[in-house]
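One file, protein_39.txt, carrying compact mmCIF, C-alpha atoms:
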```txt
# COMPACT_ATOMS: atom_id res chain seq x y z
CA MET C 1 6.52 19.89 -13.41
CA SER C 2 8.29 17.97 -16.18
CA ASN C 3 7.52 14.28 -16.48
CA GLN C 4 10.55 13.63 -18.70
CA VAL C 5 12.73 10.70 -17.63
CA SER C 6 16.46 10.65 -18.38
CA LYS C 7 18.05 8.65 -15.57
CA VAL C 8 16.40 5.82 -13.63
CA LEU C 9 17.47 4.32 -10.31
CA VAL C 10 16.00 0.87 -9.53
CA PHE C 11 15.89 -0.32 -5.91
CA ALA C 12 16.31 -4.10 -6.08
CA GLU C 13 15.66 -6.55 -3.26
CA ILE C 14 17.79 -9.69 -3.02
CA SER C 15 16.59 -13.20 -2.13
CA ASN C 16 19.07 -16.06 -1.77
CA GLY C 17 21.74 -14.01 -3.54
CA LYS C 18 19.55 -13.24 -6.56
CA VAL C 19 17.73 -10.10 -7.62
CA LYS C 20 13.98 -10.51 -7.19
CA LYS C 21 11.76 -10.77 -10.25
CA GLY C 22 9.95 -7.51 -9.51
CA ALA C 23 13.20 -5.56 -9.99
CA LEU C 24 13.91 -7.39 -13.26
CA GLU C 25 10.52 -6.23 -14.56
CA LEU C 26 11.54 -2.62 -13.86
CA LEU C 27 14.98 -3.05 -15.41
CA THR C 28 13.33 -4.49 -18.53
CA ALA C 29 11.06 -1.44 -18.80
CA ALA C 30 13.98 0.98 -18.37
CA ARG C 31 16.08 -0.87 -20.96
CA ALA C 32 13.20 -0.88 -23.45
CA ALA C 33 13.02 2.92 -23.12
CA SER C 34 16.82 3.18 -23.67
CA LEU C 35 17.30 5.04 -20.39
CA SER C 36 20.45 5.50 -18.33
CA THR C 37 19.89 2.98 -15.53
CA GLN C 38 21.40 2.56 -12.07
CA ILE C 39 20.59 0.01 -9.39
CA VAL C 40 20.67 -0.18 -5.58
CA LEU C 41 21.58 -3.53 -3.98
CA LEU C 42 21.88 -3.86 -0.21
CA GLY C 43 22.81 -6.93 1.84
CA THR C 44 25.10 -9.92 1.76
CA GLY C 45 25.77 -11.04 -1.81
CA ALA C 46 24.96 -7.63 -3.28
CA LYS C 47 28.31 -7.24 -5.06
CA ALA C 48 28.03 -10.62 -6.79
CA ALA C 49 24.46 -9.80 -7.87
CA ALA C 50 25.58 -6.39 -9.17
CA GLY C 51 28.12 -8.05 -11.45
CA THR C 52 25.29 -9.76 -13.36
CA MET C 53 23.30 -6.58 -14.00
CA GLY C 54 25.17 -5.31 -17.05
CA GLY C 55 23.05 -7.45 -19.34
CA TRP C 56 19.96 -5.72 -17.98
CA GLY C 57 21.15 -2.31 -19.10
CA VAL C 58 22.59 -1.21 -15.74
CA SER C 59 25.61 1.07 -16.00
CA GLU C 60 26.18 1.82 -12.32
CA ALA C 61 25.38 -0.06 -9.10
CA PHE C 62 25.23 1.31 -5.57
CA VAL C 63 26.25 -1.71 -3.52
CA GLY C 64 26.04 -2.24 0.24
CA ASP C 65 27.46 -5.76 0.50
CA ASN C 66 27.23 -5.84 4.26
CA ALA C 67 25.39 -8.10 6.71
CA ALA C 68 24.17 -4.95 8.49
CA PHE C 69 21.72 -4.53 5.57
CA ASP C 70 20.45 -8.13 5.74
CA GLN C 71 17.66 -7.23 8.16
CA TYR C 72 15.42 -4.31 7.32
CA ASN C 73 15.74 -1.43 9.76
CA PRO C 74 13.62 1.56 8.67
CA GLU C 75 16.02 4.18 10.06
CA VAL C 76 19.12 2.60 8.51
CA PHE C 77 17.57 1.98 5.11
CA ALA C 78 15.87 5.38 4.89
CA GLU C 79 19.10 7.24 5.60
CA SER C 80 21.20 5.09 3.24
CA VAL C 81 18.71 5.05 0.33
CA ALA C 82 18.00 8.80 0.58
CA GLY C 83 21.74 9.42 0.38
CA ILE C 84 22.09 7.10 -2.62
CA ILE C 85 19.29 8.86 -4.49
CA LYS C 86 20.98 12.23 -3.94
CA ASP C 87 24.33 10.87 -5.17
CA SER C 88 22.79 9.13 -8.18
CA GLY C 89 21.30 12.22 -9.78
CA ALA C 90 18.36 10.08 -10.93
CA ASP C 91 15.12 11.89 -11.76
CA THR C 92 13.03 8.70 -11.38
CA VAL C 93 13.26 5.98 -8.74
CA LEU C 94 11.55 2.63 -9.32
CA ALA C 95 10.95 -0.21 -6.89
CA SER C 96 8.68 -3.21 -6.57
CA SER C 97 5.73 -2.43 -4.27
CA SER C 98 6.73 -4.95 -1.60
CA LEU C 99 5.99 -4.64 2.12
CA LEU C 100 9.56 -3.41 2.64
CA ALA C 101 9.36 -0.79 -0.12
CA ARG C 102 5.94 0.48 0.98
CA ASP C 103 7.39 1.11 4.44
CA LEU C 104 10.72 2.49 3.23
CA PHE C 105 9.96 4.93 0.45
CA PRO C 106 7.47 7.24 2.20
CA ARG C 107 10.28 7.77 4.74
CA VAL C 108 12.77 8.40 1.94
CA ALA C 109 10.36 10.78 0.17
CA ALA C 110 9.90 12.76 3.39
CA ARG C 111 13.68 13.11 3.76
CA LEU C 112 14.06 14.30 0.17
CA GLY C 113 10.98 16.54 0.14
CA THR C 114 9.50 14.66 -2.79
CA ALA C 115 6.57 12.31 -3.51
CA ALA C 116 6.17 8.54 -3.67
CA VAL C 117 3.29 6.62 -5.23
CA SER C 118 2.78 2.93 -4.43
CA ASP C 119 0.80 -0.04 -5.72
CA CYS C 120 0.98 1.05 -9.37
CA THR C 121 -0.17 -1.30 -12.11
CA GLU C 122 0.78 0.60 -15.28
CA LEU C 123 4.11 2.21 -16.13
CA ALA C 124 5.40 3.90 -19.28
CA LEU C 125 8.86 5.51 -19.41
CA GLY C 126 9.39 6.30 -23.10
CA GLY C 127 8.35 9.84 -24.00
CA GLY C 128 7.86 10.79 -20.35
CA LEU C 129 6.70 9.11 -17.15
CA LYS C 130 3.13 7.80 -17.16
CA VAL C 131 1.84 5.91 -14.14
CA ARG C 132 -1.57 4.54 -13.16
CA ARG C 133 -2.74 2.98 -9.91
CA PRO C 134 -6.07 1.40 -8.87
CA MET C 135 -8.39 3.19 -6.46
CA TYR C 136 -11.46 2.27 -4.40
CA SER C 137 -10.67 -1.46 -4.21
CA GLY C 138 -9.93 -1.62 -7.93
CA LYS C 139 -13.24 -0.06 -9.07
CA CYS C 140 -11.32 2.56 -11.07
CA SER C 141 -7.78 3.72 -11.70
CA ALA C 142 -6.05 7.11 -11.64
CA GLU C 143 -3.22 8.57 -13.65
CA VAL C 144 -0.61 9.99 -11.28
CA SER C 145 1.01 13.40 -11.71
CA PHE C 146 4.06 14.52 -9.74
CA LEU C 147 4.09 18.14 -8.61
CA SER C 148 7.27 18.05 -6.49
CA ALA C 149 10.62 19.09 -7.95
CA GLY C 150 12.53 16.18 -6.45
CA PRO C 151 13.00 12.70 -7.93
CA LYS C 152 9.77 10.86 -8.75
CA ILE C 153 9.39 7.63 -6.74
CA VAL C 154 7.19 4.90 -8.22
CA LEU C 155 6.44 1.54 -6.57
CA MET C 156 5.07 -1.04 -9.03
CA ARG C 157 3.09 -4.17 -8.18
CA ALA C 158 5.00 -7.30 -9.11
CA ASN C 159 3.85 -9.36 -12.13
CA GLN C 160 2.52 -6.30 -13.98
CA LEU C 161 5.34 -5.89 -16.48
CA PRO C 162 7.12 -8.39 -18.75
CA VAL C 163 10.58 -9.69 -17.88
CA GLY C 164 13.08 -9.80 -20.73
CA GLU C 165 16.35 -11.69 -20.97
CA PRO C 166 19.79 -10.29 -20.19
CA SER C 167 21.66 -9.31 -23.33
CA GLY C 168 25.45 -9.55 -23.33
CA ALA C 169 27.53 -8.72 -20.28
CA GLY C 170 27.91 -4.96 -20.09
CA GLN C 171 30.26 -3.34 -17.62
CA VAL C 172 28.80 -2.14 -14.33
CA ALA C 173 30.57 0.55 -12.32
CA ILE C 174 30.38 -0.33 -8.62
CA LYS C 175 29.95 2.36 -5.98
CA ASP C 176 30.30 1.02 -2.44
CA VAL C 177 27.68 2.09 0.08
CA PRO C 178 29.18 2.64 3.55
CA ALA C 179 28.15 0.23 6.30
CA PRO C 180 25.44 1.81 8.47
CA THR C 181 26.18 2.84 12.01
CA THR C 182 23.91 1.82 14.88
CA SER C 183 24.73 4.71 17.20
CA GLY C 184 21.77 6.94 17.91
CA LEU C 185 19.22 4.58 16.37
CA LYS C 186 15.79 4.44 17.97
CA THR C 187 15.25 0.87 16.77
CA LEU C 188 17.58 -2.14 16.79
CA ILE C 189 16.67 -5.43 15.10
CA LYS C 190 17.62 -8.26 17.44
CA GLU C 191 16.04 -11.23 15.69
CA VAL C 192 13.80 -12.04 12.74
CA LEU C 193 11.79 -15.26 12.76
CA LYS C 194 11.09 -16.46 9.25
CA GLY C 195 8.55 -19.02 8.08
CA ALA C 196 9.80 -22.41 6.96
CA SER C 197 8.17 -22.25 3.52
CA GLY C 198 10.50 -22.35 0.56
CA LYS C 199 7.80 -21.08 -1.80
CA LEU C 200 7.97 -17.72 -3.52
CA ASP C 201 6.48 -14.75 -1.75
CA LEU C 202 2.82 -14.32 -2.70
CA THR C 203 3.46 -11.00 -4.42
CA GLU C 204 5.92 -12.60 -6.88
CA ALA C 205 4.29 -16.01 -7.33
CA ASN C 206 3.19 -17.04 -10.81
CA ILE C 207 0.56 -19.51 -9.52
CA ILE C 208 -1.42 -19.10 -6.28
CA VAL C 209 -3.93 -21.44 -4.65
CA SER C 210 -5.99 -19.75 -1.92
CA GLY C 211 -8.42 -21.28 0.54
CA GLY C 212 -11.37 -19.75 2.34
CA ARG C 213 -14.10 -20.38 4.86
CA GLY C 214 -15.69 -23.02 2.63
CA LEU C 215 -13.02 -25.43 3.91
CA LYS C 216 -15.06 -25.56 7.16
CA GLU C 217 -12.17 -26.31 9.55
CA ALA C 218 -8.42 -25.75 9.85
CA ALA C 219 -7.53 -29.40 9.28
CA ASN C 220 -9.01 -29.21 5.79
CA PHE C 221 -6.52 -26.53 4.73
CA LYS C 222 -4.23 -29.46 3.92
CA LEU C 223 -6.30 -29.83 0.73
CA ILE C 224 -5.07 -26.40 -0.40
CA GLU C 225 -1.44 -27.19 0.41
CA THR C 226 -1.58 -30.49 -1.46
CA LEU C 227 -3.19 -28.87 -4.49
CA ALA C 228 -0.54 -26.13 -4.46
CA ASP C 229 2.27 -28.70 -4.25
CA SER C 230 0.84 -30.56 -7.24
CA CYS C 231 1.11 -27.50 -9.53
CA GLY C 232 4.10 -25.66 -8.04
CA ALA C 233 1.95 -22.92 -6.56
CA THR C 234 2.29 -20.64 -3.56
CA VAL C 235 -0.45 -20.90 -0.91
CA GLY C 236 -2.72 -18.00 -0.01
CA ALA C 237 -5.77 -17.51 2.18
CA SER C 238 -8.78 -15.30 2.72
CA ARG C 239 -9.04 -12.95 5.68
CA ALA C 240 -11.78 -15.07 7.26
CA ILE C 241 -9.51 -18.04 7.92
CA VAL C 242 -6.56 -15.83 8.86
CA ASP C 243 -8.73 -14.16 11.51
CA ALA C 244 -9.87 -17.61 12.64
CA GLY C 245 -6.22 -18.51 13.28
CA TRP C 246 -5.99 -21.31 10.71
CA VAL C 247 -2.97 -19.79 8.93
CA SER C 248 -0.60 -16.86 9.41
CA HIS C 249 -1.32 -13.31 8.24
CA SER C 250 1.62 -13.54 5.80
CA MET C 251 -0.62 -15.76 3.64
CA GLN C 252 -3.57 -13.36 3.49
CA VAL C 253 -4.62 -12.08 0.06
CA GLY C 254 -6.76 -8.96 -0.02
CA GLN C 255 -7.04 -5.30 0.80
CA THR C 256 -5.66 -5.80 4.32
CA GLY C 257 -3.25 -8.52 3.22
CA LYS C 258 -1.15 -8.85 0.07
CA THR C 259 -2.06 -7.67 -3.40
CA VAL C 260 -1.17 -10.30 -6.00
CA ALA C 261 -1.25 -10.62 -9.78
CA PRO C 262 -0.22 -14.16 -10.74
CA SER C 263 -0.76 -15.81 -14.11
CA LEU C 264 -3.14 -18.27 -12.42
CA TYR C 265 -5.15 -17.75 -9.23
CA ILE C 266 -7.24 -20.64 -7.89
CA ALA C 267 -9.78 -19.61 -5.24
CA VAL C 268 -11.17 -22.53 -3.25
CA GLY C 269 -14.14 -22.02 -0.94
CA ILE C 270 -13.81 -18.22 -1.12
CA SER C 271 -17.06 -16.29 -1.57
CA GLY C 272 -15.34 -13.18 -2.92
CA ALA C 273 -15.82 -10.25 -0.54
CA ILE C 274 -14.82 -6.94 -2.13
CA GLN C 275 -11.74 -6.75 0.11
CA HIS C 276 -10.47 -10.09 -1.22
CA LEU C 277 -11.28 -9.23 -4.84
CA ALA C 278 -9.28 -6.01 -4.48
CA GLY C 279 -6.19 -8.06 -3.71
CA MET C 280 -6.37 -10.59 -6.57
CA SER C 281 -8.46 -9.14 -9.38
CA GLY C 282 -5.30 -8.33 -11.35
CA SER C 283 -4.64 -12.06 -11.86
CA ARG C 284 -4.50 -13.07 -15.52
CA VAL C 285 -6.63 -16.22 -15.08
CA ILE C 286 -8.91 -16.77 -12.09
CA VAL C 287 -10.42 -20.18 -11.33
CA ALA C 288 -13.12 -20.22 -8.64
CA ILE C 289 -14.40 -23.34 -6.87
CA ASN C 290 -17.50 -22.79 -4.73
CA LYS C 291 -20.77 -24.59 -4.09
CA ASP C 292 -22.73 -21.30 -4.14
CA ALA C 293 -23.43 -20.41 -7.78
CA ASN C 294 -24.24 -16.83 -6.72
CA ALA C 295 -20.94 -16.24 -4.91
CA PRO C 296 -19.42 -12.85 -5.92
CA ILE C 297 -16.13 -14.56 -6.82
CA PHE C 298 -17.75 -15.90 -10.00
CA GLN C 299 -18.21 -12.34 -11.30
CA LYS C 300 -14.42 -12.02 -11.49
CA ALA C 301 -13.60 -15.62 -12.39
CA THR C 302 -12.32 -16.63 -15.80
CA TYR C 303 -13.51 -20.19 -15.09
CA GLY C 304 -15.95 -21.24 -12.39
CA LEU C 305 -16.61 -24.67 -10.91
CA VAL C 306 -19.87 -24.87 -8.97
CA GLY C 307 -19.78 -27.87 -6.68
CA ASP C 308 -18.41 -29.51 -3.55
CA LEU C 309 -14.76 -28.50 -3.12
CA PHE C 310 -14.12 -31.69 -1.12
CA GLU C 311 -14.86 -33.64 -4.30
CA ILE C 312 -13.38 -31.24 -6.86
CA VAL C 313 -10.04 -30.38 -5.21
CA PRO C 314 -8.76 -34.00 -4.84
CA LEU C 315 -9.66 -34.67 -8.50
CA LEU C 316 -7.92 -31.48 -9.61
CA THR C 317 -4.87 -32.39 -7.53
CA GLU C 318 -4.62 -35.79 -9.22
CA GLU C 319 -4.87 -34.17 -12.65
CA PHE C 320 -2.05 -31.75 -11.86
CA LYS C 321 0.09 -34.61 -10.52
CA ALA C 322 -0.50 -36.56 -13.71
CA LEU C 323 0.58 -33.55 -15.81
CA HIS C 324 3.82 -33.21 -13.86
CA SER C 325 4.67 -36.91 -13.62
```

Will you turn the file into structure tokens for me?
Amino acid sequence: MSNQVSKVLVFAEISNGKVKKGALELLTAARAASLSTQIVLLGTGAKAAAGTMGGWGVSEAFVGDNAAFDQYNPEVFAESVAGIIKDSGADTVLASSSLLARDLFPRVAARLGTAAVSDCTELALGGGLKVRRPMYSGKCSAEVSFLSAGPKIVLMRANQLPVGEPSGAGQVAIKDVPAPTTSGLKTLIKEVLKGASGKLDLTEANIIVSGGRGLKEAANFKLIETLADSCGATVGASRAIVDAGWVSHSMQVGQTGKTVAPSLYIAVGISGAIQHLAGMSGSRVIVAINKDANAPIFQKATYGLVGDLFEIVPLLTEEFKALHS
């Protein structure tokens, strides 16, 4: 099948009325390839966000500015997004590989009789679609080919592509997406309990500080939180301390948690099991702090500090505070 790309549809998630960074990465890539670009925005504040998209090369926006889209319901979103893709005429659909998108787009692909590939780390649109994704816990990568005739759906990891700046204020044609109906649904969302953290989601964070079993007990995780606060980082954790109940699963980095690719990843008291490395090895700079000089984490680290984390972390925290004072 042809891998030529002529029209791109970007599915953009909204947070606090703003388009998430992952979508801006995709819009930047589409604009750089001079492609006809559309966008999907669902939820309260979508119309206002759509009005700012002209500078990103968007010519048309499918907008569902309705509170019914504020909470993710798989049935509602799958039906609405599949319909939008049909109406758009796009041959390529791009989205950030978030938890929501990884749940949504296989459902959409099944409805459209097409294919979706997630967790991609390389994307080229000029001269045809080229996509790569890691395999076997990051030990190798594969170039993806699409054999189906329908639109090609690609989910990209956040922080893999550069984000440009909006240029000018181009006109965006708005197409309203009808409010979803709840009749006949198998699932109804009654309530969503959100964490109190105001930090960026791990998958979009530029700096992450993660703690592991080397902290010895749950009370010592405060060291990680204080270090993160001192450098404006988001807090992560290894599976070991998530399983021990020290922190919530939403903070887990790794193969069974979240895959991240920040500019700076600081691993404190984490030995570096292959499952954890698979989730953070795409980080640009990795700093490891561990008393075991033979810990596997040092094989991936850009910089390694061998020593007692209970001595090193407070000193590092004070240095970061001094830089930001």

Q. Do you know which residues are at most 7 Å from Glu143 of chain C counting only C-alpha atoms, after dropping those on the same chain fewer than 5 positions away, and could you put them as JSON, numbers by chain?
A. {"C": [131, 132, 133]}

(Q) Need to verify the contact set: Gly138 of chain C, 9 Å, all atoms listed in the file, exclusion of same-chain residues closer than 5 positions in sequence. Can you return it as an MDAnalysis selection string? (A) chainID C and resid 133 277:279 281:282

Selection from above, C-alpha atoms, as a PDB file, keeping the file's coordinate frame, can you write it?
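As written to disk, result18.pdb reads:
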```pdb
ATOM      1  CA  ARG C 133      -2.740   2.980  -9.910  1.00  0.00           C
ATOM      2  CA  LEU C 277     -11.280  -9.230  -4.840  1.00  0.00           C
ATOM      3  CA  ALA C 278      -9.280  -6.010  -4.480  1.00  0.00           C
ATOM      4  CA  GLY C 279      -6.190  -8.060  -3.710  1.00  0.00           C
ATOM      5  CA  SER C 281      -8.460  -9.140  -9.380  1.00  0.00           C
ATOM      6  CA  GLY C 282      -5.300  -8.330 -11.350  1.00  0.00           C
TER       7      GLY C 282
END
```

Q. Got a sec: who's within 12 Å of segment 80-82 of chain C, counting only C-alpha atoms, leaving out chain neighbours fewer than 3 positions off, as a ChimeraX atom specification?
A. /C:9-12,39-42,62-64,68-69,72-77,85-90,93,95,101,104-114,150-151,153,176-181

(Q) Just to confirm, what's the straight-line distance from atom CA of Leu193 of chain C to atom CA of His249 of chain C in Å (one decimal)? (A)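 The value is 14.0 Å.
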
**Q.** Å distance separating atom CA of Lys258 of chain C from atom CA of Ile207 of chain C, one decimal place
**A.** 14.4 Å

Q. Leu35 of chain C: which residues within 7 Å, counting all atoms listed in the file, same-chain residues fewer than 2 positions away excluded, as an MDAnalysis selection string?
A. chainID C and resid 6:8 30:31 33 37

Q. Can you find the residues with an atom no farther than 6 Å from (4.2, -19.5, -4.3), counting all atoms listed in the file, and report them as a PyMOL selection string?
A. chain C and resi 199-202+205+208+233-235

Q. Interatomic distance between atom CA of Ser230 of chain C and atom CA of His324 of chain C?
A. 7.7 Å

Q. Could you list as JSON, numbers by chain every residue that has an atom within 12 Å of (5.2, -4.1, -5.4), using the file's coordinates and counting only C-alpha atoms?
A. {"C": [11, 12, 13, 20, 21, 22, 23, 25, 26, 94, 95, 96, 97, 98, 99, 100, 101, 102, 103, 105, 117, 118, 119, 120, 121, 122, 133, 154, 155, 156, 157, 158, 159, 160, 161, 201, 202, 203, 204, 258, 259, 260, 261]}

Q.
With distances taken over only C-alpha atoms, which residue among C:Gly304, C:Pro262, C:Gly170, C:Pro314 lies nearest Glu225 of chain C?
A. C:Pro314

With all atoms listed in the file counted and 8 Å as the cut-off, give the residues of segment 36-146 of chain C in contact with segment 163-166 of chain C, each with its shortest interatomic distance in Å and the pair that gives it, as CSV.
```
residue,atom,partner,partner_atom,distance
C:Gly54,CA,C:Pro166,CA,8.0
C:Gly55,CA,C:Pro166,CA,4.4
C:Trp56,CA,C:Pro166,CA,5.1
```

Find the axis-aligned box for segment 118-125 of chain C, covering all its listed atoms and adding 4 Å on each side, and write its centre and edge lengths in Å to one decimal as AutoDock Vina command-line options.
```
--center_x 4.3 --center_y 2.1 --center_z -11.9 --size_x 17.0 --size_y 14.8 --size_z 23.0
```

Q: Identify, on the basis of all atoms listed in the file, every residue whose closest approach to Ile174 of chain C does not exceed 9 Å; exclude the query and any residue fewer than 6 positions from it along the same chain; express the result as a PyMOL selection string.
A: chain C and resi 47+50-51+59-63

Q: Considering all atoms listed in the file, state which residue in the set C:Leu27, C:Ser325, C:Ala169, C:Asn3 is at the smallest distance from Phe146 of chain C.
A: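 That would be C:Asn3, the residue with the smallest distance to Phe146 of chain C.
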
Q) From the set C:Gln71, C:Gln4, C:Ser283, C:Thr28, which residue has the shortest atom-to-atom contact distance to Val209 of chain C, counting all atoms listed in the file? A)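 Residue with the minimum atom-to-atom distance to Val209 of chain C: C:Ser283.
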
N, CA and C atoms of segment 267-282 of chain C, written as an mmCIF file, in the first residue's frame:
```
data_model
loop_
_atom_site.group_PDB
_atom_site.id
_atom_site.type_symbol
_atom_site.label_atom_id
_atom_site.label_comp_id
_atom_site.auth_asym_id
_atom_site.auth_seq_id
_atom_site.Cartn_x
_atom_site.Cartn_y
_atom_site.Cartn_z
ATOM 1 N N ALA C 267 17.565 9.124 38.570
ATOM 2 C CA ALA C 267 17.150 7.866 39.200
ATOM 3 C C ALA C 267 17.860 7.718 40.534
ATOM 4 N N VAL C 268 17.095 7.699 41.610
ATOM 5 C CA VAL C 268 17.653 7.655 42.962
ATOM 6 C C VAL C 268 17.318 6.321 43.621
ATOM 7 N N GLY C 269 18.359 5.558 43.944
ATOM 8 C CA GLY C 269 18.136 4.279 44.631
ATOM 9 C C GLY C 269 17.421 3.258 43.771
ATOM 10 N N ILE C 270 17.592 3.346 42.456
ATOM 11 C CA ILE C 270 16.974 2.409 41.509
ATOM 12 C C ILE C 270 18.077 1.564 40.884
ATOM 13 N N SER C 271 17.981 0.258 41.014
ATOM 14 C CA SER C 271 19.048 -0.619 40.522
ATOM 15 C C SER C 271 19.075 -0.677 39.004
ATOM 16 N N GLY C 272 17.895 -0.620 38.368
ATOM 17 C CA GLY C 272 17.843 -0.618 36.914
ATOM 18 C C GLY C 272 17.457 -1.951 36.307
ATOM 19 N N ALA C 273 16.361 -2.539 36.798
ATOM 20 C CA ALA C 273 15.843 -3.760 36.168
ATOM 21 C C ALA C 273 15.460 -3.443 34.728
ATOM 22 N N ILE C 274 15.499 -4.446 33.853
ATOM 23 C CA ILE C 274 15.251 -4.225 32.432
ATOM 24 C C ILE C 274 13.881 -3.595 32.192
ATOM 25 N N GLN C 275 12.893 -3.937 33.048
ATOM 26 C CA GLN C 275 11.556 -3.384 32.875
ATOM 27 C C GLN C 275 11.551 -1.882 33.139
ATOM 28 N N HIS C 276 12.360 -1.429 34.100
ATOM 29 C CA HIS C 276 12.433 0.007 34.375
ATOM 30 C C HIS C 276 13.206 0.719 33.268
ATOM 31 N N LEU C 277 14.299 0.135 32.831
ATOM 32 C CA LEU C 277 15.109 0.739 31.773
ATOM 33 C C LEU C 277 14.304 0.901 30.495
ATOM 34 N N ALA C 278 13.396 -0.037 30.227
ATOM 35 C CA ALA C 278 12.577 0.045 29.017
ATOM 36 C C ALA C 278 11.689 1.276 29.028
ATOM 37 N N GLY C 279 11.349 1.752 30.220
ATOM 38 C CA GLY C 279 10.442 2.884 30.325
ATOM 39 C C GLY C 279 11.111 4.237 30.351
ATOM 40 N N MET C 280 12.452 4.294 30.517
ATOM 41 C CA MET C 280 13.103 5.603 30.639
ATOM 42 C C MET C 280 14.387 5.737 29.825
ATOM 43 N N SER C 281 14.750 4.718 29.074
ATOM 44 C CA SER C 281 16.022 4.755 28.359
ATOM 45 C C SER C 281 16.035 5.782 27.231
ATOM 46 N N GLY C 282 14.872 6.305 26.851
ATOM 47 C CA GLY C 282 14.816 7.337 25.831
ATOM 48 C C GLY C 282 15.107 8.731 26.359
#
```
